[in-house]
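What follows is the content of coords.pdb, which has PDB, C-alpha atoms, pLDDT in the B column:
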ATOM      1  CA  MET A 135     134.097 107.196  49.275  1.00 86.00           C
ATOM      2  CA  ASN A 136     134.310 103.409  48.981  1.00 94.00           C
ATOM      3  CA  ILE A 137     136.868 102.161  46.468  1.00 97.00           C
ATOM      4  CA  LEU A 138     135.719  98.549  46.918  1.00 97.00           C
ATOM      5  CA  GLU A 139     132.311  97.109  47.813  1.00 97.00           C
ATOM      6  CA  ILE A 140     131.676  93.390  48.169  1.00 97.00           C
ATOM      7  CA  LYS A 141     128.083  92.420  48.941  1.00 96.00           C
ATOM      8  CA  ASN A 142     126.759  88.985  49.984  1.00 96.00           C
ATOM      9  CA  VAL A 143     129.415  87.059  48.082  1.00 96.00           C
ATOM     10  CA  LYS A 144     129.173  83.280  47.990  1.00 95.00           C
ATOM     11  CA  LYS A 145     131.583  80.852  46.332  1.00 94.00           C
ATOM     12  CA  SER A 146     131.593  77.059  46.236  1.00 92.00           C
ATOM     13  CA  PHE A 147     133.891  74.512  44.629  1.00 86.00           C
ATOM     14  CA  ASN A 148     133.653  70.799  43.828  1.00 74.00           C
ATOM     15  CA  ASP A 149     130.100  70.941  42.469  1.00 67.00           C
ATOM     16  CA  SER A 150     128.909  73.189  45.292  1.00 64.00           C
ATOM     17  CA  SER A 151     129.872  70.764  48.064  1.00 67.00           C
ATOM     18  CA  LEU A 152     132.689  72.975  49.373  1.00 79.00           C
ATOM     19  CA  HIS A 153     131.397  76.376  50.489  1.00 86.00           C
ATOM     20  CA  VAL A 154     134.492  78.574  50.605  1.00 92.00           C
ATOM     21  CA  LEU A 155     132.769  81.952  50.961  1.00 95.00           C
ATOM     22  CA  LYS A 156     129.440  82.186  52.790  1.00 94.00           C
ATOM     23  CA  ASP A 157     127.663  85.513  52.313  1.00 93.00           C
ATOM     24  CA  ILE A 158     130.689  87.804  52.735  1.00 96.00           C
ATOM     25  CA  SER A 159     130.210  91.580  52.676  1.00 97.00           C
ATOM     26  CA  LEU A 160     132.810  94.307  53.179  1.00 95.00           C
ATOM     27  CA  THR A 161     133.778  97.763  52.011  1.00 97.00           C
ATOM     28  CA  VAL A 162     137.151  99.484  51.717  1.00 97.00           C
ATOM     29  CA  ALA A 163     137.253 103.272  51.813  1.00 97.00           C
ATOM     30  CA  LYS A 164     139.693 105.452  49.904  1.00 96.00           C
ATOM     31  CA  GLY A 165     143.026 105.558  51.735  1.00 96.00           C
ATOM     32  CA  GLU A 166     142.105 102.710  54.090  1.00 97.00           C
ATOM     33  CA  VAL A 167     144.442  99.799  54.848  1.00 96.00           C
ATOM     34  CA  VAL A 168     142.582  96.567  55.616  1.00 97.00           C
ATOM     35  CA  ALA A 169     144.404  93.464  56.845  1.00 96.00           C
ATOM     36  CA  ILE A 170     142.703  90.081  56.496  1.00 96.00           C
ATOM     37  CA  ILE A 171     143.884  87.369  58.868  1.00 95.00           C
ATOM     38  CA  GLY A 172     142.779  83.810  59.559  1.00 94.00           C
ATOM     39  CA  PRO A 173     143.797  80.158  59.322  1.00 93.00           C
ATOM     40  CA  SER A 174     144.589  78.326  56.102  1.00 89.00           C
ATOM     41  CA  GLY A 175     141.404  77.372  54.271  1.00 88.00           C
ATOM     42  CA  SER A 176     139.371  80.188  55.812  1.00 92.00           C
ATOM     43  CA  GLY A 177     138.603  81.749  52.408  1.00 93.00           C
ATOM     44  CA  LYS A 178     141.012  84.705  52.533  1.00 94.00           C
ATOM     45  CA  SER A 179     142.751  84.077  49.215  1.00 91.00           C
ATOM     46  CA  THR A 180     139.499  83.087  47.486  1.00 94.00           C
ATOM     47  CA  LEU A 181     137.993  86.388  48.605  1.00 96.00           C
ATOM     48  CA  LEU A 182     140.956  88.235  47.101  1.00 95.00           C
ATOM     49  CA  ARG A 183     140.676  86.232  43.875  1.00 94.00           C
ATOM     50  CA  CYS A 184     136.971  87.094  43.603  1.00 96.00           C
ATOM     51  CA  ALA A 185     137.700  90.769  44.285  1.00 97.00           C
ATOM     52  CA  THR A 186     140.359  90.831  41.550  1.00 96.00           C
ATOM     53  CA  LEU A 187     138.250  88.941  38.976  1.00 96.00           C
ATOM     54  CA  LEU A 188     140.526  85.880  38.934  1.00 95.00           C
ATOM     55  CA  THR A 189     137.722  83.696  40.320  1.00 95.00           C
ATOM     56  CA  GLU A 190     134.039  84.162  39.491  1.00 94.00           C
ATOM     57  CA  MET A 191     131.613  84.508  42.377  1.00 95.00           C
ATOM     58  CA  ASP A 192     128.531  82.289  42.484  1.00 94.00           C
ATOM     59  CA  SER A 193     126.418  85.107  43.850  1.00 96.00           C
ATOM     60  CA  GLY A 194     126.879  88.619  45.166  1.00 96.00           C
ATOM     61  CA  ASP A 195     127.783  92.102  43.969  1.00 97.00           C
ATOM     62  CA  LEU A 196     131.251  93.523  43.300  1.00 98.00           C
ATOM     63  CA  LEU A 197     131.765  97.254  42.784  1.00 97.00           C
ATOM     64  CA  TYR A 198     134.757  99.544  42.277  1.00 97.00           C
ATOM     65  CA  SER A 199     134.128 103.227  42.999  1.00 95.00           C
ATOM     66  CA  GLY A 200     130.410 102.636  42.472  1.00 94.00           C
ATOM     67  CA  ASP A 201     130.773 100.817  39.144  1.00 95.00           C
ATOM     68  CA  TYR A 202     129.526  97.236  38.985  1.00 96.00           C
ATOM     69  CA  ALA A 203     131.937  94.482  38.014  1.00 97.00           C
ATOM     70  CA  ALA A 204     129.298  91.893  38.900  1.00 97.00           C
ATOM     71  CA  LYS A 205     125.716  92.055  40.137  1.00 96.00           C
ATOM     72  CA  ASN A 206     123.150  89.530  41.279  1.00 94.00           C
ATOM     73  CA  ASN A 207     120.382  88.794  38.794  1.00 93.00           C
ATOM     74  CA  GLU A 208     116.809  87.889  39.705  1.00 92.00           C
ATOM     75  CA  ARG A 209     117.888  84.273  40.353  1.00 93.00           C
ATOM     76  CA  GLY A 210     120.568  85.349  42.811  1.00 90.00           C
ATOM     77  CA  VAL A 211     123.448  84.540  40.457  1.00 94.00           C
ATOM     78  CA  SER A 212     126.331  86.924  39.835  1.00 96.00           C
ATOM     79  CA  VAL A 213     126.288  88.362  36.312  1.00 96.00           C
ATOM     80  CA  TYR A 214     129.488  90.056  35.215  1.00 97.00           C
ATOM     81  CA  ALA A 215     129.773  93.295  33.280  1.00 96.00           C
ATOM     82  CA  ASP A 216     130.799  93.327  29.617  1.00 96.00           C
ATOM     83  CA  LYS A 217     134.438  93.085  28.548  1.00 94.00           C
ATOM     84  CA  GLN A 218     134.865  96.834  28.106  1.00 94.00           C
ATOM     85  CA  GLN A 219     133.575  97.569  31.617  1.00 95.00           C
ATOM     86  CA  LEU A 220     135.727  94.811  33.161  1.00 95.00           C
ATOM     87  CA  LYS A 221     138.797  96.122  31.360  1.00 92.00           C
ATOM     88  CA  LYS A 222     138.162  99.551  32.872  1.00 92.00           C
ATOM     89  CA  ILE A 223     137.664  98.033  36.321  1.00 95.00           C
ATOM     90  CA  ARG A 224     140.816  95.907  36.085  1.00 93.00           C
ATOM     91  CA  SER A 225     142.814  99.089  35.546  1.00 92.00           C
ATOM     92  CA  ARG A 226     141.681 100.304  38.973  1.00 94.00           C
ATOM     93  CA  PHE A 227     143.395  97.649  41.066  1.00 96.00           C
ATOM     94  CA  GLY A 228     146.759  95.951  41.365  1.00 94.00           C
ATOM     95  CA  LEU A 229     147.538  92.527  42.822  1.00 93.00           C
ATOM     96  CA  VAL A 230     150.821  91.388  44.359  1.00 92.00           C
ATOM     97  CA  PHE A 231     151.076  87.599  44.567  1.00 85.00           C
ATOM     98  CA  GLN A 232     152.876  85.367  47.058  1.00 81.00           C
ATOM     99  CA  ASN A 233     155.376  84.143  44.475  1.00 81.00           C
ATOM    100  CA  PHE A 234     156.110  87.381  42.600  1.00 82.00           C
ATOM    101  CA  ASN A 235     154.799  86.230  39.152  1.00 87.00           C
ATOM    102  CA  LEU A 236     157.352  88.313  37.265  1.00 93.00           C
ATOM    103  CA  PHE A 237     157.993  87.579  33.595  1.00 94.00           C
ATOM    104  CA  PRO A 238     161.298  85.663  33.758  1.00 95.00           C
ATOM    105  CA  HIS A 239     162.321  86.538  30.169  1.00 96.00           C
ATOM    106  CA  TYR A 240     161.806  90.287  30.725  1.00 96.00           C
ATOM    107  CA  SER A 241     164.278  92.596  32.400  1.00 97.00           C
ATOM    108  CA  VAL A 242     163.140  94.349  35.559  1.00 97.00           C
ATOM    109  CA  LEU A 243     162.532  97.531  33.571  1.00 97.00           C
ATOM    110  CA  LYS A 244     160.470  95.741  30.918  1.00 97.00           C
ATOM    111  CA  ASN A 245     158.430  94.013  33.647  1.00 96.00           C
ATOM    112  CA  LEU A 246     157.450  97.499  34.822  1.00 97.00           C
ATOM    113  CA  THR A 247     156.909  99.219  31.467  1.00 97.00           C
ATOM    114  CA  ASP A 248     155.177  96.539  29.375  1.00 96.00           C
ATOM    115  CA  ALA A 249     151.643  96.907  30.759  1.00 93.00           C
ATOM    116  CA  PRO A 250     151.627 100.722  31.033  1.00 95.00           C
ATOM    117  CA  ILE A 251     152.659 100.909  27.352  1.00 95.00           C
ATOM    118  CA  HIS A 252     150.311  98.236  25.984  1.00 92.00           C
ATOM    119  CA  VAL A 253     147.344  98.550  28.376  1.00 88.00           C
ATOM    120  CA  LEU A 254     147.366 102.202  29.460  1.00 89.00           C
ATOM    121  CA  GLY A 255     148.770 103.531  26.187  1.00 91.00           C
ATOM    122  CA  ARG A 256     151.711 105.317  27.812  1.00 94.00           C
ATOM    123  CA  SER A 257     154.641 106.320  25.637  1.00 95.00           C
ATOM    124  CA  LYS A 258     157.836 104.334  26.133  1.00 95.00           C
ATOM    125  CA  GLU A 259     159.550 107.438  27.510  1.00 96.00           C
ATOM    126  CA  GLU A 260     156.781 108.151  30.023  1.00 96.00           C
ATOM    127  CA  ALA A 261     156.540 104.521  31.133  1.00 96.00           C
ATOM    128  CA  THR A 262     160.315 104.277  31.533  1.00 96.00           C
ATOM    129  CA  GLU A 263     160.523 107.483  33.557  1.00 96.00           C
ATOM    130  CA  LYS A 264     157.773 106.255  35.893  1.00 96.00           C
ATOM    131  CA  ALA A 265     159.377 102.800  36.200  1.00 97.00           C
ATOM    132  CA  ILE A 266     162.797 104.209  37.097  1.00 96.00           C
ATOM    133  CA  ALA A 267     161.218 106.452  39.745  1.00 96.00           C
ATOM    134  CA  LEU A 268     159.432 103.428  41.252  1.00 96.00           C
ATOM    135  CA  LEU A 269     162.616 101.364  41.262  1.00 96.00           C
ATOM    136  CA  GLU A 270     164.387 104.180  43.074  1.00 95.00           C
ATOM    137  CA  LYS A 271     161.555 104.231  45.616  1.00 93.00           C
ATOM    138  CA  MET A 272     161.992 100.490  46.133  1.00 93.00           C
ATOM    139  CA  GLY A 273     165.769 100.796  46.529  1.00 93.00           C
ATOM    140  CA  LEU A 274     166.335  98.962  43.248  1.00 95.00           C
ATOM    141  CA  ALA A 275     167.597 101.738  40.965  1.00 92.00           C
ATOM    142  CA  ASP A 276     170.628  99.629  39.997  1.00 95.00           C
ATOM    143  CA  LYS A 277     168.523  96.590  39.005  1.00 96.00           C
ATOM    144  CA  ALA A 278     166.672  97.980  35.963  1.00 96.00           C
ATOM    145  CA  ASP A 279     168.614  95.810  33.490  1.00 96.00           C
ATOM    146  CA  ALA A 280     168.702  92.696  35.683  1.00 97.00           C
ATOM    147  CA  TYR A 281     166.447  89.669  35.175  1.00 97.00           C
ATOM    148  CA  PRO A 282     164.277  88.150  37.905  1.00 95.00           C
ATOM    149  CA  CYS A 283     166.555  85.121  38.276  1.00 94.00           C
ATOM    150  CA  GLN A 284     169.388  87.466  39.266  1.00 96.00           C
ATOM    151  CA  LEU A 285     167.428  88.933  42.198  1.00 94.00           C
ATOM    152  CA  SER A 286     166.771  87.770  45.740  1.00 91.00           C
ATOM    153  CA  GLY A 287     163.227  86.888  46.753  1.00 89.00           C
ATOM    154  CA  GLY A 288     162.854  90.201  48.558  1.00 90.00           C
ATOM    155  CA  GLN A 289     164.077  92.107  45.517  1.00 92.00           C
ATOM    156  CA  GLN A 290     161.689  90.197  43.250  1.00 93.00           C
ATOM    157  CA  GLN A 291     158.759  91.025  45.535  1.00 91.00           C
ATOM    158  CA  ARG A 292     159.728  94.715  45.563  1.00 93.00           C
ATOM    159  CA  VAL A 293     159.802  94.620  41.748  1.00 95.00           C
ATOM    160  CA  ALA A 294     156.348  93.002  41.809  1.00 94.00           C
ATOM    161  CA  ILE A 295     155.055  95.819  44.021  1.00 95.00           C
ATOM    162  CA  ALA A 296     156.626  98.428  41.716  1.00 96.00           C
ATOM    163  CA  ARG A 297     155.038  96.703  38.698  1.00 95.00           C
ATOM    164  CA  ALA A 298     151.610  96.918  40.319  1.00 95.00           C
ATOM    165  CA  LEU A 299     152.142 100.585  41.211  1.00 96.00           C
ATOM    166  CA  ALA A 300     153.244 101.367  37.646  1.00 95.00           C
ATOM    167  CA  MET A 301     149.616 100.843  36.598  1.00 94.00           C
ATOM    168  CA  GLU A 302     148.549 103.650  38.990  1.00 94.00           C
ATOM    169  CA  PRO A 303     145.835 101.591  40.692  1.00 96.00           C
ATOM    170  CA  GLU A 304     143.220 103.028  43.036  1.00 96.00           C
ATOM    171  CA  ILE A 305     143.620 100.014  45.332  1.00 97.00           C
ATOM    172  CA  LEU A 306     146.379  97.455  45.832  1.00 97.00           C
ATOM    173  CA  PHE A 307     145.807  93.863  46.960  1.00 97.00           C
ATOM    174  CA  PHE A 308     148.490  91.724  48.599  1.00 94.00           C
ATOM    175  CA  ASP A 309     148.076  87.959  48.961  1.00 91.00           C
ATOM    176  CA  GLU A 310     150.473  86.831  51.717  1.00 89.00           C
ATOM    177  CA  PRO A 311     153.272  89.008  50.260  1.00 86.00           C
ATOM    178  CA  THR A 312     155.915  87.686  52.658  1.00 84.00           C
ATOM    179  CA  SER A 313     155.003  83.988  52.853  1.00 82.00           C
ATOM    180  CA  ALA A 314     157.744  82.934  50.403  1.00 73.00           C
ATOM    181  CA  LEU A 315     160.457  84.975  52.130  1.00 79.00           C
ATOM    182  CA  ASP A 316     162.782  84.404  55.051  1.00 82.00           C
ATOM    183  CA  PRO A 317     162.481  86.733  58.088  1.00 80.00           C
ATOM    184  CA  GLU A 318     165.181  89.174  56.965  1.00 78.00           C
ATOM    185  CA  LEU A 319     163.629  89.646  53.524  1.00 81.00           C
ATOM    186  CA  THR A 320     160.161  89.834  55.083  1.00 85.00           C
ATOM    187  CA  GLY A 321     161.288  93.006  56.824  1.00 85.00           C
ATOM    188  CA  GLU A 322     162.164  94.595  53.470  1.00 85.00           C
ATOM    189  CA  ILE A 323     158.663  94.050  52.111  1.00 89.00           C
ATOM    190  CA  LEU A 324     156.855  95.135  55.259  1.00 89.00           C
ATOM    191  CA  LYS A 325     158.884  98.360  55.223  1.00 90.00           C
ATOM    192  CA  VAL A 326     157.714  99.072  51.653  1.00 92.00           C
ATOM    193  CA  ILE A 327     154.069  98.365  52.514  1.00 93.00           C
ATOM    194  CA  ARG A 328     154.360 100.528  55.637  1.00 93.00           C
ATOM    195  CA  GLN A 329     155.658 103.380  53.451  1.00 94.00           C
ATOM    196  CA  LEU A 330     152.704 102.978  51.074  1.00 95.00           C
ATOM    197  CA  ALA A 331     150.341 103.099  54.057  1.00 94.00           C
ATOM    198  CA  ASP A 332     151.988 106.337  55.185  1.00 94.00           C
ATOM    199  CA  GLU A 333     151.267 107.696  51.690  1.00 94.00           C
ATOM    200  CA  HIS A 334     147.575 106.746  52.113  1.00 94.00           C
ATOM    201  CA  MET A 335     147.572 104.064  49.433  1.00 96.00           C
ATOM    202  CA  THR A 336     144.341 102.059  49.626  1.00 97.00           C
ATOM    203  CA  MET A 337     145.320  98.448  50.360  1.00 97.00           C
ATOM    204  CA  VAL A 338     143.862  95.069  51.246  1.00 97.00           C
ATOM    205  CA  ILE A 339     146.501  92.754  52.693  1.00 95.00           C
ATOM    206  CA  VAL A 340     146.057  89.059  53.422  1.00 94.00           C
ATOM    207  CA  THR A 341     148.809  88.415  55.946  1.00 92.00           C
ATOM    208  CA  HIS A 342     149.991  86.209  58.780  1.00 89.00           C
ATOM    209  CA  GLU A 343     152.214  88.973  60.195  1.00 88.00           C
ATOM    210  CA  MET A 344     150.115  89.859  63.229  1.00 90.00           C
ATOM    211  CA  SER A 345     152.266  92.640  64.676  1.00 87.00           C
ATOM    212  CA  PHE A 346     152.456  94.252  61.239  1.00 89.00           C
ATOM    213  CA  ALA A 347     148.665  94.066  60.807  1.00 91.00           C
ATOM    214  CA  ARG A 348     148.180  95.563  64.270  1.00 90.00           C
ATOM    215  CA  ASP A 349     150.587  98.454  63.650  1.00 89.00           C
ATOM    216  CA  VAL A 350     149.871  99.351  60.010  1.00 91.00           C
ATOM    217  CA  ALA A 351     146.237  98.474  59.206  1.00 95.00           C
ATOM    218  CA  ASP A 352     143.283 100.756  59.858  1.00 96.00           C
ATOM    219  CA  ARG A 353     141.033  97.705  60.212  1.00 97.00           C
ATOM    220  CA  VAL A 354     141.601  93.996  60.729  1.00 97.00           C
ATOM    221  CA  ILE A 355     139.217  91.315  59.477  1.00 97.00           C
ATOM    222  CA  PHE A 356     139.423  87.814  60.956  1.00 97.00           C
ATOM    223  CA  MET A 357     138.000  85.114  58.673  1.00 96.00           C
ATOM    224  CA  ASP A 358     137.318  81.478  59.413  1.00 95.00           C
ATOM    225  CA  GLY A 359     135.163  78.903  57.685  1.00 93.00           C
ATOM    226  CA  GLY A 360     134.239  81.241  54.856  1.00 94.00           C
ATOM    227  CA  VAL A 361     132.750  83.964  57.058  1.00 95.00           C
ATOM    228  CA  ILE A 362     133.941  87.143  58.726  1.00 96.00           C
ATOM    229  CA  VAL A 363     134.086  86.208  62.402  1.00 96.00           C
ATOM    230  CA  GLU A 364     135.280  89.544  63.738  1.00 96.00           C
ATOM    231  CA  GLN A 365     136.528  92.890  62.466  1.00 96.00           C
ATOM    232  CA  GLY A 366     137.476  96.239  63.851  1.00 96.00           C
ATOM    233  CA  ASP A 367     140.337  98.317  65.187  1.00 96.00           C
ATOM    234  CA  PRO A 368     143.549  96.271  64.804  1.00 95.00           C
ATOM    235  CA  LYS A 369     144.733  96.789  68.366  1.00 92.00           C
ATOM    236  CA  GLU A 370     141.348  95.706  69.703  1.00 93.00           C
ATOM    237  CA  VAL A 371     140.916  92.671  67.459  1.00 94.00           C
ATOM    238  CA  ILE A 372     144.492  91.400  67.825  1.00 92.00           C
ATOM    239  CA  SER A 373     145.186  92.327  71.447  1.00 89.00           C
ATOM    240  CA  ASN A 374     141.671  91.979  72.887  1.00 92.00           C
ATOM    241  CA  PRO A 375     139.464  89.888  70.556  1.00 94.00           C
ATOM    242  CA  LYS A 376     135.785  89.529  71.426  1.00 94.00           C
ATOM    243  CA  GLU A 377     135.120  86.190  69.724  1.00 95.00           C
ATOM    244  CA  GLU A 378     136.361  82.896  71.130  1.00 95.00           C
ATOM    245  CA  ARG A 379     137.421  81.637  67.683  1.00 95.00           C
ATOM    246  CA  THR A 380     139.554  84.758  67.185  1.00 94.00           C
ATOM    247  CA  ARG A 381     141.153  84.228  70.598  1.00 94.00           C
ATOM    248  CA  GLN A 382     141.960  80.605  69.734  1.00 93.00           C
ATOM    249  CA  PHE A 383     143.613  81.622  66.472  1.00 94.00           C
ATOM    250  CA  LEU A 384     145.626  84.486  67.934  1.00 92.00           C
ATOM    251  CA  SER A 385     146.801  82.432  70.929  1.00 89.00           C
ATOM    252  CA  ARG A 386     149.284  80.810  68.542  1.00 81.00           C
ATOM    253  CA  PHE A 387     151.008  84.114  67.922  1.00 74.00           C
ATOM    254  CA  ALA A 388     153.251  85.802  70.451  1.00 52.00           C
ATOM    255  CA  GLN A 389     151.941  89.292  71.081  1.00 46.00           C
ATOM    256  CA  GLN A 390     154.581  91.994  70.837  1.00 43.00           C
TER     257      GLN A 390
END

What would you get if you wrote out this structure as structure tokens?
Amino acid sequence: MNILEIKNVKKSFNDSSLHVLKDISLTVAKGEVVAIIGPSGSGKSTLLRCATLLTEMDSGDLLYSGDYAAKNNERGVSVYADKQQLKKIRSRFGLVFQNFNLFPHYSVLKNLTDAPIHVLGRSKEEATEKAIALLEKMGLADKADAYPCQLSGGQQQRVAIARALAMEPEILFFDEPTSALDPELTGEILKVIRQLADEHMTMVIVTHEMSFARDVADRVIFMDGGVIVEQGDPKEVISNPKEERTRQFLSRFAQQ
């Protein structure tokens, strides 16, 4: 079963002069981990923003578990579902940003419980119990009453992951989750994501950590110039790419 379907998505900026996504199609199956790699400006983050309804597509279809979030009309323009349908679809995915995006005036615990209480209708007791369990999973059980400013970058990103998981999403998106962290803290986050992969969490990860993508993902997608240049088994794509553009990009990374 496909959790996510993206069909023939196009997106332009600057009055259509900058084509960021050019007829992109992909699916993500339940339990699959997909890593998206590619140079800056290749369209990776825009694709994630379209998939998570932060940026509207110009054309194309977007479906979650068979339900349409957006669908092409007869003029080839994406038409989005009504507010009630989009609210339901938003509850199916979580997004972890590069720069954490925690509420600075909320404690760690309140960052995790606020949306489950007010969006999912969970009781305070139920939301708190779930949040504490997630913090324990992230190795942050002693940080429930702390504020984001009192945490390291790695701790903040683990809180951000726990906050996304608190909404019990069907699929989790990561947009360069380690780009704001130093190498030691990067290891903390990759360990958490690796654990989620072992638990068969469906994930789409935009990353520049090539060895991580090779070892953890079920499929790697290489994007450049707004198109998918190559995709397939991570070990094949990263260690033995078929396309010259993929080889050029990966030549900058030491293979481990």

Quiz prompt | Exercise: His334 in chain A partners within 10 Å, all atoms listed in the file, chain neighbours under 4 positions left out, as a ChimeraX atom specification | solution = /A:164-167,328-330

May I have a table of the residues of range 224-297 of chain A lying at most 10 Å from range 304-312 of chain A, giving each one's closest pair of atoms and their distance in Å to one decimal, counting all atoms listed in the file, ordered by chain and ascending residue number, as CSV?
residue,atom,partner,partner_atom,distance
A:Ser225,CA,A:Glu304,CA,8.5
A:Arg226,CA,A:Glu304,CA,5.1
A:Phe227,CA,A:Ile305,CA,4.9
A:Gly228,CA,A:Leu306,CA,4.7
A:Leu229,CA,A:Phe307,CA,4.7
A:Val230,CA,A:Phe308,CA,4.9
A:Phe231,CA,A:Asp309,CA,5.3
A:Gln232,CA,A:Pro311,CA,4.9
A:Asn233,CA,A:Pro311,CA,7.8
A:Phe234,CA,A:Pro311,CA,8.3
A:Gly287,CA,A:Thr312,CA,9.4
A:Gly288,CA,A:Thr312,CA,8.4
A:Gln291,CA,A:Pro311,CA,7.5
A:Arg292,CA,A:Pro311,CA,9.8
A:Ala294,CA,A:Pro311,CA,9.8
A:Ile295,CA,A:Phe308,CA,9.0

Quiz item: Taking (131.7, 97.2, 49.8) in the file's coordinates as the center, which residues reach within 8 Å of it, counting all atoms listed in the file, put as a VMD selection string?
Solution: chain A and resid 136 to 141 159 to 162 196 to 197

Exercise. Choose the residue, out of A:Lys222, A:Val361, A:Gly175, A:Ala347, that has the smallest atom-to-atom separation from Asn142 in chain A; count all atoms listed in the file.
Key: A:Val361

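In this model, the gap between CA of Leu274 in chain A and CA of Leu315 in chain A comes to 17.6 Å.
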
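Among the candidates A:Ala298, A:Leu236, A:Leu187, A:Val213, the one nearest to Pro250 in chain A when counting all atoms listed in the file is A:Ala298.
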
Result set, the PyMOL selection byres ((chain A and resi 354-357) around 6) on current file, as a JSON list (two decimals) with C-alpha atoms, in the frame of the given file:
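Generated output (part.json):
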[["chain", "number", "residue", "atom", "x", "y", "z"],
["A", 168, "VAL", "CA", 142.58, 96.57, 55.62],
["A", 169, "ALA", "CA", 144.40, 93.46, 56.84],
["A", 170, "ILE", "CA", 142.70, 90.08, 56.50],
["A", 171, "ILE", "CA", 143.88, 87.37, 58.87],
["A", 172, "GLY", "CA", 142.78, 83.81, 59.56],
["A", 176, "SER", "CA", 139.37, 80.19, 55.81],
["A", 353, "ARG", "CA", 141.03, 97.70, 60.21],
["A", 358, "ASP", "CA", 137.32, 81.48, 59.41],
["A", 361, "VAL", "CA", 132.75, 83.96, 57.06],
["A", 362, "ILE", "CA", 133.94, 87.14, 58.73],
["A", 363, "VAL", "CA", 134.09, 86.21, 62.40],
["A", 364, "GLU", "CA", 135.28, 89.54, 63.74],
["A", 365, "GLN", "CA", 136.53, 92.89, 62.47],
["A", 366, "GLY", "CA", 137.48, 96.24, 63.85],
["A", 368, "PRO", "CA", 143.55, 96.27, 64.80]]

Quiz item: If you apply the PyMOL selection byres ((chain A and resi 272) around 8) to this file, what residues do you get, as a PyMOL selection string?
Solution: chain A and resi 268-271+273-275+292-293+296+326

Practice problem: Quick one: everything within 7 Å of Pro282 in chain A, counting only C-alpha atoms, minus sequence neighbours fewer than 6 positions away in the same chain. Send it as a ChimeraX atom specification. | Solution: /A:236,238,242,290

Keeping only C-alpha atoms, write the selected residues as a PDB file, in the frame of the given file.
ATOM      1  CA  LEU A 236     157.352  88.313  37.265  1.00 93.00           C
ATOM      2  CA  PRO A 238     161.298  85.663  33.758  1.00 95.00           C
ATOM      3  CA  VAL A 242     163.140  94.349  35.559  1.00 97.00           C
ATOM      4  CA  GLN A 290     161.689  90.197  43.250  1.00 93.00           C
TER       5      GLN A 290
END

Quiz item: Smallest atom-to-atom distance to Ser241 in chain A: which of A:Asp367, A:Asp279, A:Glu190, A:Glu259, using only C-alpha atoms?
Solution: A:Asp279

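We find CA of Ile266 in chain A and CA of Leu285 in chain A to be spaced 16.8 Å apart.
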
Once 3 Å is added on each side, what centre and edge lengths in Å to one decimal does the axis-aligned box around all listed atoms of range 244-256 of chain A have, as lines of an AutoDock Vina configuration file?
center_x = 153.9
center_y = 99.7
center_z = 30.4
size_x = 19.1
size_y = 17.3
size_z = 14.8

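Distances here use only C-alpha atoms; by that measure, the residue among A:Met135, A:Ile339, A:Ile327, A:Leu181 closest to Val154 in chain A is A:Leu181.
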